[in-house]
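A.B. asks: Next up is a structure, given as structure tokens.
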Amino acid sequence: MKPGRNDPCPCGSGKKYKRCCMNSVSKQHAEMFDDVEQIIAMNPNLTLDELNVITQSRMHERNQRPIDDFCGLSSTQMSNWLYAPFKELSLVTISTPDDLSVSPVMRYLDIILDEAMQNEGSFKATSKGNLPARLVKQASDILPEFAVAQYETEVSISEFAGSNEDKFNALHYARVLAEIAGIIYRRSGRYHVKKTAQKQYQSQGLHAFFKPMLEAAVSQYNWGYLDFFEQDVDLRTFWLFMLWRLQIHASVERLIDEVVIAFPDLLRQVGPDDYHTPTRLLSVMIESRFIERFLQFWGFVTMDPKRFNHGEYLPRIVQIQPLLKHTFQFNTGV
């Protein structure tokens, strides 16, 4: 039997269902049904057509109403961010920054494209299908130019350097994105730049590929590709909401709280394990997949990997980089 809004939540939190696992969309539906019942009780002679008009008006009004659980966004605004195609996102302007030199992903793409263009549009892959060692070295050598370099004390375990592509996650990520975005492809042991991409590169330079690469990253790339979490949780759906919140307060702890409040079903998808609560697992997953291997790979933020100082836990704070502000301008009115 489905619990009522004021019943104890079946998750065992001790909170009322409406304050815990009953998500905001369900609350809206329940409140709408209550409204309809009141309208009928107060106006028993309404025709069905009249009732439909009043109901649609009330529903539109509710859908535009700010929701506390969504940090002030309405359900209509949130629905757009969760489900609209990349080119149809509202309340945010996504621009291509003038300076892409501070973005690891875009710099790595530039190295790949430049190598191909110097060799009539293609170059030889390794026997494993990876990028050749000379490209890996070029990509490793530019690490000091990135903001994240301040935290890279052990290059041997760095995400931004390596002796080959298998040991260089950020470069591998960039190459995979370029393939997903339809910029390059591998055939007969060689990497080729598509003819259309060659023309774009010659006429517009690297800037031509910023948005296609970004769209591939948030809509097609598998965020769990480089980790070993058993849980099948797709965080891409929430990427813009999480980005908006981080840009405002830069606190990972606050971000996790906001995500849990807005999308409580995520905790059920994550589930506990033998060592961590669902909230803790979700936090680790968001740090790994969203902050470290999306935002940092792109050069949008940096975050100190150090978690303790003299035994004291350090707040998880990201440093917002200019590239993020140049790329995303939010107009939520919140």
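Scheme for the structure tokens: letters A, B, ... for chains in order shown; per-chain residue numbers from 1; ligand numbers from 1 in order shown.
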Find the residues around range 270-274 of chain A up to 12 Å (only C-alpha atoms counted), leave out those fewer than 2 positions away in its own chain, and share them as a list in words.

C.D. replies: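 Contacts, in chain order: Cys11, Phe229, Glu230, Gln231, Asp232, Val233, Asp234, Leu235, Val260, Phe263, Pro264, Asp265, Leu266, Leu267, Arg268, His276, Thr277, Pro278, Thr279, Arg280, Leu281, Leu282, Ser283, Val284, Met285 and Ile286 of chain A.
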
A.B. asks: Go ahead and save the residues from that selection, with C-alpha atoms, as a JSON list (two decimals), in the first residue's frame.

C.D. replies:
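Ended up saving to out_38.json:
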[["chain", "number", "residue", "atom", "x", "y", "z"],
["A", 11, "CYS", "CA", 13.02, 4.20, 3.92],
["A", 229, "PHE", "CA", 31.48, 1.54, -9.21],
["A", 230, "GLU", "CA", 29.06, -1.38, -9.42],
["A", 231, "GLN", "CA", 26.03, 0.90, -9.17],
["A", 232, "ASP", "CA", 24.42, 1.87, -12.45],
["A", 233, "VAL", "CA", 23.62, 5.51, -11.72],
["A", 234, "ASP", "CA", 23.52, 7.94, -14.63],
["A", 235, "LEU", "CA", 24.51, 11.34, -13.26],
["A", 260, "VAL", "CA", 19.74, 14.44, -2.36],
["A", 263, "PHE", "CA", 16.38, 13.84, -6.37],
["A", 264, "PRO", "CA", 15.89, 11.47, -3.41],
["A", 265, "ASP", "CA", 15.39, 8.50, -5.72],
["A", 266, "LEU", "CA", 19.13, 8.62, -6.45],
["A", 267, "LEU", "CA", 19.85, 7.23, -2.98],
["A", 268, "ARG", "CA", 17.73, 4.19, -3.73],
["A", 276, "HIS", "CA", 29.36, 3.31, 3.08],
["A", 277, "THR", "CA", 25.91, 4.85, 3.33],
["A", 278, "PRO", "CA", 24.05, 5.65, 0.09],
["A", 279, "THR", "CA", 24.73, 9.36, 0.64],
["A", 280, "ARG", "CA", 28.45, 8.75, 1.02],
["A", 281, "LEU", "CA", 28.57, 6.56, -2.08],
["A", 282, "LEU", "CA", 26.69, 9.17, -4.07],
["A", 283, "SER", "CA", 29.12, 11.83, -2.86],
["A", 284, "VAL", "CA", 32.14, 9.82, -3.97],
["A", 285, "MET", "CA", 30.50, 9.11, -7.32],
["A", 286, "ILE", "CA", 29.71, 12.78, -7.95]]

A.B. asks: Report as a PyMOL selection string all protein, DNA and RNA residues lying within 7 Å of range 311-318 of chain A, evaluated on only C-alpha atoms, omitting residues in the same chain fewer than 3 positions from it.

C.D. replies: chain A and resi 250-253+301-303+307-308

A.B. asks: Deliver the residues from the most recent selection as a file, using all heavy atoms, as a PDB file, in the first residue's frame.

C.D. replies:
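Final output, selection-v3.pdb:
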ATOM      1  N   ALA A 250      30.313  26.658  -4.715  1.00  0.00           N
ATOM      2  CA  ALA A 250      31.609  25.964  -4.807  1.00  0.00           C
ATOM      3  C   ALA A 250      31.820  24.896  -3.737  1.00  0.00           C
ATOM      4  O   ALA A 250      32.928  24.377  -3.594  1.00  0.00           O
ATOM      5  CB  ALA A 250      32.769  26.963  -4.753  1.00  0.00           C
ATOM      6  N   SER A 251      30.789  24.526  -3.000  1.00  0.00           N
ATOM      7  CA  SER A 251      30.925  23.551  -1.923  1.00  0.00           C
ATOM      8  C   SER A 251      30.395  22.187  -2.352  1.00  0.00           C
ATOM      9  O   SER A 251      29.217  22.057  -2.717  1.00  0.00           O
ATOM     10  CB  SER A 251      30.157  24.021  -0.680  1.00  0.00           C
ATOM     11  OG  SER A 251      30.041  22.983   0.267  1.00  0.00           O
ATOM     12  N   VAL A 252      31.250  21.172  -2.270  1.00  0.00           N
ATOM     13  CA  VAL A 252      30.821  19.821  -2.625  1.00  0.00           C
ATOM     14  C   VAL A 252      29.797  19.311  -1.616  1.00  0.00           C
ATOM     15  O   VAL A 252      28.801  18.677  -1.985  1.00  0.00           O
ATOM     16  CB  VAL A 252      32.026  18.862  -2.689  1.00  0.00           C
ATOM     17  CG1 VAL A 252      31.567  17.436  -2.985  1.00  0.00           C
ATOM     18  CG2 VAL A 252      33.015  19.333  -3.746  1.00  0.00           C
ATOM     19  N   GLU A 253      30.012  19.584  -0.345  1.00  0.00           N
ATOM     20  CA  GLU A 253      29.068  19.128   0.679  1.00  0.00           C
ATOM     21  C   GLU A 253      27.672  19.708   0.441  1.00  0.00           C
ATOM     22  O   GLU A 253      26.668  18.995   0.527  1.00  0.00           O
ATOM     23  CB  GLU A 253      29.561  19.509   2.078  1.00  0.00           C
ATOM     24  CG  GLU A 253      30.706  18.658   2.605  1.00  0.00           C
ATOM     25  CD  GLU A 253      32.082  19.162   2.170  1.00  0.00           C
ATOM     26  OE1 GLU A 253      32.131  20.174   1.434  1.00  0.00           O
ATOM     27  OE2 GLU A 253      33.088  18.544   2.542  1.00  0.00           O
ATOM     28  N   VAL A 301      37.014  23.714 -13.314  1.00  0.00           N
ATOM     29  CA  VAL A 301      37.278  23.870 -11.883  1.00  0.00           C
ATOM     30  C   VAL A 301      38.568  23.134 -11.534  1.00  0.00           C
ATOM     31  O   VAL A 301      39.070  22.324 -12.315  1.00  0.00           O
ATOM     32  CB  VAL A 301      36.134  23.306 -10.991  1.00  0.00           C
ATOM     33  CG1 VAL A 301      34.782  23.882 -11.386  1.00  0.00           C
ATOM     34  CG2 VAL A 301      36.107  21.784 -11.019  1.00  0.00           C
ATOM     35  N   THR A 302      39.083  23.407 -10.354  1.00  0.00           N
ATOM     36  CA  THR A 302      40.110  22.566  -9.746  1.00  0.00           C
ATOM     37  C   THR A 302      39.664  22.262  -8.321  1.00  0.00           C
ATOM     38  O   THR A 302      38.852  22.985  -7.744  1.00  0.00           O
ATOM     39  CB  THR A 302      41.490  23.249  -9.714  1.00  0.00           C
ATOM     40  OG1 THR A 302      41.384  24.480  -8.982  1.00  0.00           O
ATOM     41  CG2 THR A 302      42.002  23.526 -11.112  1.00  0.00           C
ATOM     42  N   MET A 303      40.192  21.186  -7.772  1.00  0.00           N
ATOM     43  CA  MET A 303      39.882  20.832  -6.395  1.00  0.00           C
ATOM     44  C   MET A 303      41.075  20.131  -5.767  1.00  0.00           C
ATOM     45  O   MET A 303      41.637  19.201  -6.345  1.00  0.00           O
ATOM     46  CB  MET A 303      38.647  19.928  -6.318  1.00  0.00           C
ATOM     47  CG  MET A 303      38.218  19.613  -4.887  1.00  0.00           C
ATOM     48  SD  MET A 303      36.590  18.785  -4.790  1.00  0.00           S
ATOM     49  CE  MET A 303      36.959  17.225  -5.604  1.00  0.00           C
ATOM     50  N   ARG A 307      42.369  15.555   1.641  1.00  0.00           N
ATOM     51  CA  ARG A 307      41.129  15.515   2.413  1.00  0.00           C
ATOM     52  C   ARG A 307      41.341  15.831   3.896  1.00  0.00           C
ATOM     53  O   ARG A 307      40.374  16.162   4.590  1.00  0.00           O
ATOM     54  CB  ARG A 307      40.466  14.143   2.279  1.00  0.00           C
ATOM     55  CG  ARG A 307      39.983  13.851   0.869  1.00  0.00           C
ATOM     56  CD  ARG A 307      39.382  12.452   0.760  1.00  0.00           C
ATOM     57  NE  ARG A 307      38.904  12.202  -0.587  1.00  0.00           N
ATOM     58  CZ  ARG A 307      37.675  12.499  -1.022  1.00  0.00           C
ATOM     59  NH1 ARG A 307      36.815  13.061  -0.184  1.00  0.00           N
ATOM     60  NH2 ARG A 307      37.309  12.237  -2.253  1.00  0.00           N
ATOM     61  N   PHE A 308      42.573  15.691   4.371  1.00  0.00           N
ATOM     62  CA  PHE A 308      42.832  15.924   5.791  1.00  0.00           C
ATOM     63  C   PHE A 308      44.070  16.797   5.963  1.00  0.00           C
ATOM     64  O   PHE A 308      45.004  16.753   5.164  1.00  0.00           O
ATOM     65  CB  PHE A 308      43.038  14.593   6.534  1.00  0.00           C
ATOM     66  CG  PHE A 308      41.829  13.709   6.550  1.00  0.00           C
ATOM     67  CD1 PHE A 308      41.635  12.749   5.567  1.00  0.00           C
ATOM     68  CD2 PHE A 308      40.866  13.835   7.552  1.00  0.00           C
ATOM     69  CE1 PHE A 308      40.516  11.930   5.572  1.00  0.00           C
ATOM     70  CE2 PHE A 308      39.746  13.016   7.575  1.00  0.00           C
ATOM     71  CZ  PHE A 308      39.573  12.071   6.581  1.00  0.00           C
TER      72      PHE A 308
END

A.B. asks: Between A:Val218, A:Ile320, A:Val105, A:Leu243, which one has atoms that come closest to Tyr83 in chain A, using only C-alpha atoms?

C.D. replies: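 Answer, going by the shortest atom-to-atom distance: A:Val218.
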
A.B. asks: Which residue gives the smallest distance to Met117 in chain A among A:Leu240, A:Leu324, A:Val193, A:Leu214, with only C-alpha atoms counted?

C.D. replies: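 Checking each candidate against Met117 in chain A, we get A:Val193 as the closest.
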
A.B. asks: If you run DSSP on this backbone, which residues of range 74-277 of chain A come out as strand (DSSP E), and could you give them as a PDB file with all heavy atoms, in the first residue's frame?

C.D. replies:
ATOM      1  N   VAL A  92      20.053  29.236 -19.533  1.00  0.00           N
ATOM      2  CA  VAL A  92      21.510  29.181 -19.523  1.00  0.00           C
ATOM      3  C   VAL A  92      22.007  29.458 -20.935  1.00  0.00           C
ATOM      4  O   VAL A  92      21.439  28.975 -21.913  1.00  0.00           O
ATOM      5  CB  VAL A  92      22.028  27.806 -19.038  1.00  0.00           C
ATOM      6  CG1 VAL A  92      21.567  26.675 -19.943  1.00  0.00           C
ATOM      7  CG2 VAL A  92      23.554  27.818 -18.925  1.00  0.00           C
ATOM      8  N   THR A  93      23.033  30.293 -21.032  1.00  0.00           N
ATOM      9  CA  THR A  93      23.691  30.548 -22.307  1.00  0.00           C
ATOM     10  C   THR A  93      25.034  29.840 -22.303  1.00  0.00           C
ATOM     11  O   THR A  93      25.851  30.054 -21.403  1.00  0.00           O
ATOM     12  CB  THR A  93      23.905  32.059 -22.526  1.00  0.00           C
ATOM     13  OG1 THR A  93      22.632  32.715 -22.506  1.00  0.00           O
ATOM     14  CG2 THR A  93      24.590  32.322 -23.857  1.00  0.00           C
ATOM     15  N   ILE A  94      25.240  28.968 -23.276  1.00  0.00           N
ATOM     16  CA  ILE A  94      26.494  28.217 -23.377  1.00  0.00           C
ATOM     17  C   ILE A  94      27.300  28.789 -24.531  1.00  0.00           C
ATOM     18  O   ILE A  94      26.874  28.750 -25.683  1.00  0.00           O
ATOM     19  CB  ILE A  94      26.235  26.715 -23.577  1.00  0.00           C
ATOM     20  CG1 ILE A  94      25.384  26.167 -22.428  1.00  0.00           C
ATOM     21  CG2 ILE A  94      27.557  25.949 -23.685  1.00  0.00           C
ATOM     22  CD1 ILE A  94      24.998  24.708 -22.581  1.00  0.00           C
ATOM     23  N   SER A 122      45.578  12.063 -41.312  1.00  0.00           N
ATOM     24  CA  SER A 122      45.559  10.841 -40.509  1.00  0.00           C
ATOM     25  C   SER A 122      46.949  10.556 -39.950  1.00  0.00           C
ATOM     26  O   SER A 122      47.949  11.133 -40.393  1.00  0.00           O
ATOM     27  CB  SER A 122      45.074   9.642 -41.329  1.00  0.00           C
ATOM     28  OG  SER A 122      46.051   9.221 -42.260  1.00  0.00           O
ATOM     29  N   PHE A 123      47.004   9.658 -38.958  1.00  0.00           N
ATOM     30  CA  PHE A 123      48.287   9.192 -38.425  1.00  0.00           C
ATOM     31  C   PHE A 123      48.092   7.780 -37.885  1.00  0.00           C
ATOM     32  O   PHE A 123      46.976   7.347 -37.600  1.00  0.00           O
ATOM     33  CB  PHE A 123      48.818  10.127 -37.335  1.00  0.00           C
ATOM     34  CG  PHE A 123      47.885  10.331 -36.171  1.00  0.00           C
ATOM     35  CD1 PHE A 123      47.831   9.413 -35.116  1.00  0.00           C
ATOM     36  CD2 PHE A 123      47.054  11.440 -36.132  1.00  0.00           C
ATOM     37  CE1 PHE A 123      46.972   9.607 -34.050  1.00  0.00           C
ATOM     38  CE2 PHE A 123      46.183  11.641 -35.061  1.00  0.00           C
ATOM     39  CZ  PHE A 123      46.140  10.724 -34.023  1.00  0.00           C
ATOM     40  N   LYS A 124      49.188   7.073 -37.729  1.00  0.00           N
ATOM     41  CA  LYS A 124      49.138   5.671 -37.350  1.00  0.00           C
ATOM     42  C   LYS A 124      48.871   5.512 -35.855  1.00  0.00           C
ATOM     43  O   LYS A 124      49.451   6.209 -35.026  1.00  0.00           O
ATOM     44  CB  LYS A 124      50.449   4.981 -37.706  1.00  0.00           C
ATOM     45  CG  LYS A 124      50.433   3.466 -37.513  1.00  0.00           C
ATOM     46  CD  LYS A 124      51.724   2.826 -37.987  1.00  0.00           C
ATOM     47  CE  LYS A 124      51.683   1.304 -37.786  1.00  0.00           C
ATOM     48  NZ  LYS A 124      52.957   0.672 -38.232  1.00  0.00           N
ATOM     49  N   ILE A 184      36.945  12.552 -35.210  1.00  0.00           N
ATOM     50  CA  ILE A 184      37.955  11.604 -35.687  1.00  0.00           C
ATOM     51  C   ILE A 184      37.355  10.193 -35.715  1.00  0.00           C
ATOM     52  O   ILE A 184      36.311   9.937 -35.095  1.00  0.00           O
ATOM     53  CB  ILE A 184      39.222  11.610 -34.804  1.00  0.00           C
ATOM     54  CG1 ILE A 184      38.901  11.092 -33.379  1.00  0.00           C
ATOM     55  CG2 ILE A 184      39.836  12.997 -34.742  1.00  0.00           C
ATOM     56  CD1 ILE A 184      40.129  10.904 -32.506  1.00  0.00           C
ATOM     57  N   TYR A 185      38.011   9.303 -36.406  1.00  0.00           N
ATOM     58  CA  TYR A 185      37.613   7.890 -36.409  1.00  0.00           C
ATOM     59  C   TYR A 185      38.852   7.050 -36.690  1.00  0.00           C
ATOM     60  O   TYR A 185      39.852   7.545 -37.241  1.00  0.00           O
ATOM     61  CB  TYR A 185      36.521   7.613 -37.444  1.00  0.00           C
ATOM     62  CG  TYR A 185      36.941   7.841 -38.880  1.00  0.00           C
ATOM     63  CD1 TYR A 185      37.418   6.793 -39.681  1.00  0.00           C
ATOM     64  CD2 TYR A 185      36.855   9.115 -39.455  1.00  0.00           C
ATOM     65  CE1 TYR A 185      37.794   7.011 -41.000  1.00  0.00           C
ATOM     66  CE2 TYR A 185      37.235   9.340 -40.765  1.00  0.00           C
ATOM     67  CZ  TYR A 185      37.695   8.282 -41.544  1.00  0.00           C
ATOM     68  OH  TYR A 185      38.071   8.490 -42.841  1.00  0.00           O
ATOM     69  N   ARG A 186      38.787   5.781 -36.288  1.00  0.00           N
ATOM     70  CA  ARG A 186      39.923   4.879 -36.516  1.00  0.00           C
ATOM     71  C   ARG A 186      39.543   3.857 -37.574  1.00  0.00           C
ATOM     72  O   ARG A 186      38.473   3.254 -37.513  1.00  0.00           O
ATOM     73  CB  ARG A 186      40.317   4.167 -35.220  1.00  0.00           C
ATOM     74  CG  ARG A 186      41.578   3.335 -35.333  1.00  0.00           C
ATOM     75  CD  ARG A 186      41.963   2.724 -34.017  1.00  0.00           C
ATOM     76  NE  ARG A 186      40.856   1.989 -33.408  1.00  0.00           N
ATOM     77  CZ  ARG A 186      41.007   1.002 -32.525  1.00  0.00           C
ATOM     78  NH1 ARG A 186      42.214   0.641 -32.147  1.00  0.00           N
ATOM     79  NH2 ARG A 186      39.963   0.406 -32.017  1.00  0.00           N
ATOM     80  N   ARG A 187      40.441   3.657 -38.527  1.00  0.00           N
ATOM     81  CA  ARG A 187      40.224   2.669 -39.579  1.00  0.00           C
ATOM     82  C   ARG A 187      41.568   2.201 -40.120  1.00  0.00           C
ATOM     83  O   ARG A 187      42.476   3.010 -40.321  1.00  0.00           O
ATOM     84  CB  ARG A 187      39.387   3.269 -40.724  1.00  0.00           C
ATOM     85  CG  ARG A 187      38.978   2.250 -41.795  1.00  0.00           C
ATOM     86  CD  ARG A 187      38.112   2.897 -42.850  1.00  0.00           C
ATOM     87  NE  ARG A 187      38.847   3.919 -43.598  1.00  0.00           N
ATOM     88  CZ  ARG A 187      38.266   4.825 -44.373  1.00  0.00           C
ATOM     89  NH1 ARG A 187      36.956   4.880 -44.480  1.00  0.00           N
ATOM     90  NH2 ARG A 187      39.015   5.713 -45.025  1.00  0.00           N
ATOM     91  N   ARG A 190      44.753   3.367 -38.372  1.00  0.00           N
ATOM     92  CA  ARG A 190      45.101   4.783 -38.384  1.00  0.00           C
ATOM     93  C   ARG A 190      43.943   5.613 -37.828  1.00  0.00           C
ATOM     94  O   ARG A 190      42.772   5.238 -37.938  1.00  0.00           O
ATOM     95  CB  ARG A 190      45.428   5.265 -39.814  1.00  0.00           C
ATOM     96  CG  ARG A 190      46.611   4.574 -40.450  1.00  0.00           C
ATOM     97  CD  ARG A 190      46.901   5.145 -41.843  1.00  0.00           C
ATOM     98  NE  ARG A 190      47.404   6.529 -41.791  1.00  0.00           N
ATOM     99  CZ  ARG A 190      48.673   6.847 -41.583  1.00  0.00           C
ATOM    100  NH1 ARG A 190      49.582   5.898 -41.406  1.00  0.00           N
ATOM    101  NH2 ARG A 190      49.050   8.113 -41.566  1.00  0.00           N
ATOM    102  N   TYR A 191      44.291   6.762 -37.251  1.00  0.00           N
ATOM    103  CA  TYR A 191      43.282   7.722 -36.843  1.00  0.00           C
ATOM    104  C   TYR A 191      43.133   8.762 -37.950  1.00  0.00           C
ATOM    105  O   TYR A 191      44.125   9.325 -38.426  1.00  0.00           O
ATOM    106  CB  TYR A 191      43.665   8.402 -35.529  1.00  0.00           C
ATOM    107  CG  TYR A 191      43.322   7.561 -34.334  1.00  0.00           C
ATOM    108  CD1 TYR A 191      44.310   6.873 -33.627  1.00  0.00           C
ATOM    109  CD2 TYR A 191      42.000   7.407 -33.926  1.00  0.00           C
ATOM    110  CE1 TYR A 191      43.991   6.074 -32.546  1.00  0.00           C
ATOM    111  CE2 TYR A 191      41.669   6.611 -32.841  1.00  0.00           C
ATOM    112  CZ  TYR A 191      42.657   5.944 -32.161  1.00  0.00           C
ATOM    113  OH  TYR A 191      42.339   5.144 -31.108  1.00  0.00           O
ATOM    114  N   HIS A 192      41.881   8.999 -38.341  1.00  0.00           N
ATOM    115  CA  HIS A 192      41.582   9.940 -39.413  1.00  0.00           C
ATOM    116  C   HIS A 192      40.724  11.074 -38.876  1.00  0.00           C
ATOM    117  O   HIS A 192      39.844  10.867 -38.039  1.00  0.00           O
ATOM    118  CB  HIS A 192      40.806   9.247 -40.544  1.00  0.00           C
ATOM    119  CG  HIS A 192      41.523   8.081 -41.154  1.00  0.00           C
ATOM    120  ND1 HIS A 192      42.218   8.160 -42.341  1.00  0.00           N
ATOM    121  CD2 HIS A 192      41.641   6.785 -40.733  1.00  0.00           C
ATOM    122  CE1 HIS A 192      42.734   6.974 -42.636  1.00  0.00           C
ATOM    123  NE2 HIS A 192      42.397   6.124 -41.667  1.00  0.00           N
ATOM    124  N   VAL A 193      40.945  12.275 -39.376  1.00  0.00           N
ATOM    125  CA  VAL A 193      40.056  13.394 -39.097  1.00  0.00           C
ATOM    126  C   VAL A 193      39.050  13.463 -40.246  1.00  0.00           C
ATOM    127  O   VAL A 193      39.444  13.456 -41.413  1.00  0.00           O
ATOM    128  CB  VAL A 193      40.832  14.722 -38.999  1.00  0.00           C
ATOM    129  CG1 VAL A 193      39.856  15.887 -38.742  1.00  0.00           C
ATOM    130  CG2 VAL A 193      41.864  14.650 -37.892  1.00  0.00           C
TER     131      VAL A 193
END
